[in-house]
Each structure stands twice: as C-alpha cells, then as structure tokens.
Amino acid sequence: MNLLSLVISYLKARPLNTLLNILLLSLGIAVITILLLFSNQLKEKITDNTKGIDLVVGAKGSPLQLILCNVFHIDFPTGNIKLNEAERLSKHRLVKSAIPLALGDSYQNFRIVGTNRAYAELYKAELASGEWWSDDLEVVVGSTVAELLKLKVGDTFKSAHGLSKEGHAHEETPFVVKGILKSTHGVLDNLILTNVSSIWKVHNHDEVAITERVIANPSPLVPTVEEGDSTKEITALLIKYRNPIAAIQLPRYINGQTGMQAASPAFEAARLFSILGVGVEALTGFAYVLIFISALSIFIALYNSLKERQYDLAIMRSMGASRSKLFIATQLEGITLTLFGSLIGLAMGHGVLYLFTALVEESGKTGIIAWVFYMEEMYLLAGSLVLGILCSLLPSFQAYRTDIHKVLAGN
Amino acid sequence: MIKTDSLSYSYGTEKKIQFSDLTIQTGEQFLLLGESGSGKTTLLHLLGGLLKSQQGSIEVNGTDITKLSESGLDRFRGQHYGFIFQRNHLIGALSVERNLLMAPFLAGLKQNLGRVEEVLSQLGIAEKRRSRIQDLSLGQAQRVAIARAVLNKPSVILADEPTSALDDKNCDRVSDLLLSLADKNKATLIIATHDQRLKDKVKNLIHL
C-alpha cells in the first residue's frame with residue numbers, strides 16, 4: 001500500500017466520474033495542442049520560406065496575394081510585368097540580387113515555375129537524382145511532386161494551362177524530367193522548376209527557335225533573350241536588398257515610380273498571421289473554457305467525495321496518518337486526474353493531427369507533421385499540475401481538518 | 001499499562017465530565033459500561049488519543065500522551081493502538097487485503113502479507129482476502145475490522161460498541177474472536193459498550 005495506490009483505488013471506485021473529468025480536460029488540452037502544433041509549424045514554414053527574400057515585385061494588385069502567389073505558391077498571380085522593366089529594376093543600386101519567376105502552368109495541380117538556378121539555391125536545394133535543367137522544356141521536380149506523381153528522371157509529361165487541373169493541356173510541348181530534388185521541407189518540395197523561356201515556349205506556339213538566335217547582349221534575368229526585350233513578360237521578381245536603406249527606399253520607389261508593385265514577405269506574413277490569429281484565439285478561448293469546466297468538475301467531484309469519505313479519513317488518522325498525509329493524498333488525487341487528462345490530451349492532439357495528415361491528401365502540401373514536440377507542451381503539463389493542485393486545494397484542507405473524534409463518535 | 005490521573009473533559013463551558021482514576025495492567029480486559037451520553041466514547045477517545053484538550057494526564061506504556069504533539073500523537077497511535085468501532089469503517093475502494101495493509105502503511109511499519117494471511121485465518125475469513133468490502137456480510141466486515149485493529153500487534157486495543165450492530169450469533173462469534181485475539185497478542189483490551197450480551201464474557205467492569 002502507498003498513497004498513490006490508495007488514490008488510484010479511489011479514482012477507480014468512481015469510474016464514470018473519473019472518466020468524465022479526464023475526458024473534459026483532455027479535450028481542452030487536445031485542442032490547445034493541435035493549435036500549438038499548427039501555428040508553430042506554420043510560423044516556421046513562413047519564416048523558412050521567406051528567408052532570403054526581402055521584397056517581391058509583381059503586377060499591381062493585392063500585396064498579400066503577390067506574396068501568397070510568388071513565395072508560398074498558393075494564390076493566383078496578380079498579373080505579369082514587363083521583362084525590360086524587371087531588368088531595369090534588377091540593376092538598381094539598392095538591389096543585391098533578383099530572381100525572376102514565371103508562373104502560369106501546372107501539372108496535376110503542381111506548379112511549374114520558370115526561374116533560374118538562384119531560386120533553388122535560395123532554399124539550399126540539392127539534387128537527389130539526375131541533374132539540373134540545361135535546356136528549354138527540361139524540369140527538376142520537388143520531392144513531394146516526385147513522390148505523389150511517381151515521377152522519375154527521364155519521364156515526360158504535358159503541362160496544363162493555368163494553376164488548376166481543369167486547364168487545357170499543352171499537347172505539343174511535353175516537359176522532360178531531368179532531376180529530382182531532395183526535400184527542403186518548404187515550398188520547393190511542391191514545385192516543378194524549369195527555366196523562364198520554357199514557360200514562354202509552351203505559351204507561344206507560333207514563335208519558333210528563339211534559342212537558335214545568337215544573343216549579343218543577354219538579359220541579366222533570362223540569358224536566352226536579348227536585354228531590353230519589350231515583348232517578354234514574367235510574373236514576379238524576388239529581390240534581396242543590398243543594404244538596410246533599401247528597405248525604406250526601394251518599396252517606395254517601386255510603388256511610386258514604376259507600374260509595378262512591391263510587397264514585403266515578412267510584413268505580409270505577419271499581417272496574414274494576425275488575420276488567422278483571430279480564429280486561433282477563438283479556438284484557444286474555447287479550449288480554456290473546457291479546461292476551466294474540467295477543473296470545476298474535478299473540484300466538485302473531490303469536494304463531494306470527501307464528504308462521503310470523512311469516515312475513511314478519520315479511521316486513517318486513528319491508524320496513525322498525520323494531517324499532512326491526508327492533505328497530500330487529496331492533492332495527489334487532483335494532480336493524478338489533471339496529469340492523466342493532460343497526457344491523454346497531448347496524445348490526442350498529436351493523434352488527431354496525425355490522422356489529419358494521413359487522411360487529407362492536401363495537408364501533405366502544407367508540410368505539417370504530427371510527431372514534433374514543442375517546449376510549450378511541457379508548459380501545458382506543468383500548468384495542468386498547477387491546475388490539479390489548485391482544484392484540490394479546498395478539499396485537501398477539508399481532509400486536513402478532519403476531526404477524528406466528532407466523525408467517529410457518530411455526530 | 002494505562003494510567004489516568006484526575007482526567008476530565010468539558011463540552012463547551014457548562015457540561016464537564018470528571019472521570020475517576022484508572023489503572024489498567026498490560027494484557028487486562030475491561031468492559032466500559034454506561035448509558036448513552038455517559039461519556040463512554042469520550043473516555044475511550046481520550047485514552048486513544050483521538051480527542052485532545054482535556055485536563056489531567058493519561059499515561060500509556062510510560063508515555064504521557066496528553067503531552068505529545070499532534071504529529072507525535074499520530075505516530076504513537078499508529079504504533080501502540082488498534083481501534084474497532086461500531087460500524088466497521090472499512091475503505092470501500094480497497095479490497096480486504098489492501099484495507100488491512102493500510103494499518104502498517106499508515107503506522108509507518110513494514111507491510112507483511114504473511115501477517116495479513118495469518119490474522120485473517122485466525123478470524124476464519126482467509127478466503128475473503130481478495131474480496132471487495134461491499135461483498136462482505138456485516139459480521140464478516142466486523143471481523144475484517146478486528147483483523148485491521150490487531151494486524152500491527154498493538155499493545156492496546158480500544159473497541160467502541162463493536163457488537164451493537166450484530167445479531168446474537170455474530171455478536172457471540174465476533175466478541176469471542178476479539179477477546180481471544182487480544183489475549184493471544186497480549187494486548188490490553190477496553191470495550192466501551194451498552195451491549196449487555198458482553199457482560200458475561202469480561203470480568204473487569206468499569207461503570208460510568
């Protein structure tokens with residue numbers, strides 16, 4: 001016999017009550033855990049994906065849309081910008097580097113991005129097999145794309161116009177897979193990379209053999225065309241600042257002096273998060289209500305059972321138990337309940353997220369995984385310990401104050 | 001040995017009970033008789049250290065228990081006393097065996113399953129070791145309570161109306177077991193009761 005086994009026997013003697021209390025608390029903890037896992041991972045993804053990109057320049061429209069489209073590859077493009085305008089900007093003295101992006105095609109819902117090698121280097125991407133593209137219509141695919149579409153080096157596929165499955169297929173110009181990337185745990189996993197002129201090629205069927213012309217003065221962004229080409233367009237430019245002054249001057253210059261729009265990924269991501277934050281807060285509030293109710297329920301259960309147990313307590317005192325032993329036993333009962341509740345809650349949170357990632361195919365693209373653990377979960381455990389102490393405090397004092405004589409004398 | 005000296009107890013400010021001095025040798029068996037309200041339970045609880053704030057002194061095995069601190073008294077109770085009450089007050093959440101193990105656990109003594117078995121078979125309920133308290137009859141439950149009281153081999157056993165709730169047959173059996181077990185363990189036994197059935201079984205009587 002020891003105090004813990006006594007406490008567990010008491011809990012087992014009221015199975016339904018114990019179950020209800022544990023369930024209530026674990027539901028609350030599970031909701032908090034899921035939110036925690038979601039928002040932490042989302043934040044990590046956002047910082048990872050925006051790393052190295054100070055500014056995104058594209059056609060005028062919603063700045064958030066510009067970021068969502070060109071950094072996270074979830075929204076649609078705001079429009080196109082002229083290649084010669086982008087070239088001029090890339091030579092601006094405040095710009096350290098500029099990466100062109102050309103969007104507009106997809107294969108089985110995965111985006112084909114016309115860009116250059118610098119884009120892959122931005123995310124420190126490495127090849128798992130094959131080699132980088134060297135010519136038009138050659139692609140390197142992200143790890144998730146390769147895995148889900150079962151693509152191998154040497155495979156060919158026909159892209160579809162637009163960024164959804166419904167677009168019409170570009171029958172005449174199939175792409176060939178040259179390489180497959182290792183996972184970067186970021187957006188690159190879900191992309192198909194090629195050069196910019198491939199994107200132009202599949203869209204301008206009549207224009208033949210651009211590459212065969214001799215380029216005297218190649219464009220700094222797309223070397224396969226002459227600099228200053230006024231007909232070519234790209235979707236966006238990812239810019240890295242040369243110095244901190246650029247953060248102040250460059251967006252103002254672009255938005256004011258050019259026909260293009262500049263948006264900061266860090267700023268827009270923060271804005272997006274504050275919008276999402278409202279929903280997260282509402283759910284968190286709901287979870288805390290659940291936890292509060294469970295604490296109340298545990299308190300009531302302990303308080304009532306102590307009344308039934310006053311003989312038990314008195315007889316234990318008569319057998320030599322000190323007041324503090326009874327106090328500790330009652331505390332232990334509350335703590336056992338909350339500790340079990342929160343452990344089950346944490347397991348439930350991870351479990352639900354695991355089921356979600358396993359069952360919902362789309363969730364794979366977000367890259368959110370169930371089996372990561374955060375420091376905050378330790379805080380949740382510690383918090384539930386405190387909760388257990390708090391809600392068993394009054395019952396513990398009751399136990400502490402048991403008057404042996406009065407109880408055992410029968411009145 | 002139990003010795004009291006000018007012991008009295010006050011309920012509030014008006015009612016005060018003065019107890020005559022007692023000297024009980026180790027191993028003696030006494031019956032504490034008196035009407036309800038005469039102070040039987042009060043005296044028994046005073047002797048057992050369950051009730052404090054009295055005048056006078058109570059010496060048990062050489063220790064004046066009125067001078068002990070609260071926690072010192074708790075320890076003393078655990079190591080020197082066994083209690084039996086009118087109702088068995090067994091812990092419903094625990095099995096018979098675990099109820100008995102509570103006695104050494106709370107007294108801070110070694111828990112010995114062999115001793116549990118020994119006492120239960122002395123009381124003729126060895127087969128009930130793993131039973132739930134709710135499945136015992138009244139007589140069986142009272143025997144478990146006796147087992148719990150004698151498990152630690154206490155030098156003093158105090159029983160408060162141990163047979164009042166039992167029918168004649170069970171009363172006979174339970175009281176015989178209690179007396180013989182106390183004898184076997186060389187424990188001083190004091191039974192507070194108004195149960196006339198016990199009068200013939202114990203020769204030392206204290207009237208209140």
# chains A, B, ... in the order shown; residues from 1 in each chain; ligands from 1
>>> residues_around(residues="Asn243 (chain A)", least_positions_apart="2", cutoff="12 Å", atoms="only C-alpha atoms", output="list in words")
Asp54, Arg93, Leu94, Val95, Lys96, Ser97, Ile239, Lys240, Tyr241, Ile245, Ala246, Ala247, Ile248, Gln249 and Leu250 of chain A
>>> residues_around(residues="Leu103 (chain A)", least_positions_apart="5", cutoff="8 Å", atoms="only C-alpha atoms", output="ChimeraX atom specification")
/A:77,111-114,199,234-235
>>> interface_residues(of="chain B", to="chain A", cutoff="8 Å", atoms="only C-alpha atoms", output="JSON list (two decimals) with C-alpha atoms, in the first residue's frame")
[["chain", "number", "residue", "atom", "x", "y", "z"],
["B", 41, "THR", "CA", -16.96, 7.21, 23.83],
["B", 45, "HIS", "CA", -11.28, 8.59, 22.55],
["B", 50, "LEU", "CA", -8.30, 10.68, 19.28],
["B", 51, "LEU", "CA", -9.53, 13.59, 21.39],
["B", 71, "SER", "CA", 2.10, 14.54, 14.85],
["B", 74, "ASP", "CA", -0.40, 10.38, 15.28],
["B", 75, "ARG", "CA", 2.74, 8.28, 15.33],
["B", 76, "PHE", "CA", 2.02, 6.99, 18.82],
["B", 77, "ARG", "CA", -1.50, 5.93, 17.81],
["B", 78, "GLY", "CA", -0.21, 4.08, 14.79],
["B", 79, "GLN", "CA", 2.33, 2.12, 16.79],
["B", 81, "TYR", "CA", -3.22, 1.22, 19.33],
["B", 82, "GLY", "CA", -5.77, -0.77, 17.44],
["B", 83, "PHE", "CA", -9.27, 0.66, 17.10],
["B", 85, "PHE", "CA", -15.80, 0.93, 16.04],
["B", 89, "HIS", "CA", -15.49, 1.89, 8.61],
["B", 90, "LEU", "CA", -13.54, -0.13, 6.11],
["B", 91, "ILE", "CA", -12.39, 1.72, 2.99],
["B", 93, "ALA", "CA", -12.46, 1.50, -2.57],
["B", 94, "LEU", "CA", -9.96, -1.11, -1.36],
["B", 98, "ARG", "CA", -5.41, -3.72, 0.96],
["B", 101, "LEU", "CA", -2.25, -3.27, 4.63],
["B", 102, "MET", "CA", -3.30, 0.31, 5.35],
["B", 103, "ALA", "CA", -2.60, -0.34, 9.04],
["B", 105, "PHE", "CA", 1.42, 1.63, 5.91],
["B", 106, "LEU", "CA", -0.14, 4.45, 7.93],
["B", 107, "ALA", "CA", 1.74, 3.47, 11.07],
["B", 111, "GLN", "CA", 3.87, -4.31, 5.23]]
>>> residues_around(residues="Ala145 (chain B)", least_positions_apart="5", cutoff="10 Å", atoms="only C-alpha atoms", output="list in words")
Gly82, Phe83, Ile84, Phe85, Gln86, Arg87, Asn88, His89, Leu90, Val96, Asn99, Leu100, Gly139, Gln140, Val150, Leu151 and Pro162 of chain B
>>> write_last_selection(atoms="C-alpha atoms", output="mmCIF file, in the first residue's frame")
data_model
loop_
_atom_site.group_PDB
_atom_site.id
_atom_site.type_symbol
_atom_site.label_atom_id
_atom_site.label_comp_id
_atom_site.auth_asym_id
_atom_site.auth_seq_id
_atom_site.Cartn_x
_atom_site.Cartn_y
_atom_site.Cartn_z
ATOM 1 C CA GLY B 82 -5.774 -0.771 17.444
ATOM 2 C CA PHE B 83 -9.273 0.657 17.101
ATOM 3 C CA ILE B 84 -12.586 -1.044 16.447
ATOM 4 C CA PHE B 85 -15.800 0.928 16.037
ATOM 5 C CA GLN B 86 -19.494 0.117 15.992
ATOM 6 C CA ARG B 87 -19.552 0.382 12.255
ATOM 7 C CA ASN B 88 -16.577 -1.227 10.578
ATOM 8 C CA HIS B 89 -15.491 1.888 8.613
ATOM 9 C CA LEU B 90 -13.539 -0.129 6.112
ATOM 10 C CA VAL B 96 -9.932 -6.691 2.207
ATOM 11 C CA ASN B 99 -7.622 -2.441 3.771
ATOM 12 C CA LEU B 100 -5.506 -4.454 6.190
ATOM 13 C CA GLY B 139 -20.328 -9.997 10.625
ATOM 14 C CA GLN B 140 -17.541 -10.624 8.149
ATOM 15 C CA VAL B 150 -4.760 -6.342 15.618
ATOM 16 C CA LEU B 151 -2.576 -6.536 12.500
ATOM 17 C CA PRO B 162 -18.034 -3.419 18.455
#
>>> atom_distance(atom1="CA of Ser106 (chain A)", atom2="CA of Glu226 (chain A)")
26.8 Å
>>> atom_distance(atom1="CA of Thr23 (chain B)", atom2="CA of Glu59 (chain B)")
9.4 Å
>>> select_by_dssp(residues="region 6-251 of chain A", states="strand (DSSP E)", output="PyMOL selection string")
chain A and resi 55-59+81-82+95-107+110-115+127-130+138-141+156-157+160-161+175-181+191-195+233-234+236-241
>>> atom_distance(atom1="CA of Thr78 (chain A)", atom2="CA of Gly58 (chain A)")
7.2 Å
>>> residues_around(residues="Thr26 (chain B)", least_positions_apart="4", cutoff="7 Å", atoms="only C-alpha atoms", output="PyMOL selection string")
chain B and resi 1+187-188
>>> closest_residue(among="B:Gly72, B:Val174, B:Gly92, B:Ile58", to="Ile133 (chain B)", atoms="only C-alpha atoms")
B:Gly92
>>> closest_residue(among="B:Leu198, B:Leu47, B:Val144, B:Leu33", to="Leu179 (chain B)", atoms="only C-alpha atoms")
B:Leu198
>>> closest_residue(among="A:Val360, A:Met260, A:Leu337, A:Leu127", to="Lys60 (chain A)", atoms="only C-alpha atoms")
A:Met260
>>> select_by_dssp(residues="region 63-107 of chain B", states="alpha helix (DSSP H)", output="PyMOL selection string")
chain B and resi 70-80+96-107
>>> closest_residue(among="A:Asp75, A:Glu138, A:Glu85, A:Glu121", to="Lys51 (chain A)", atoms="only C-alpha atoms")
A:Glu121
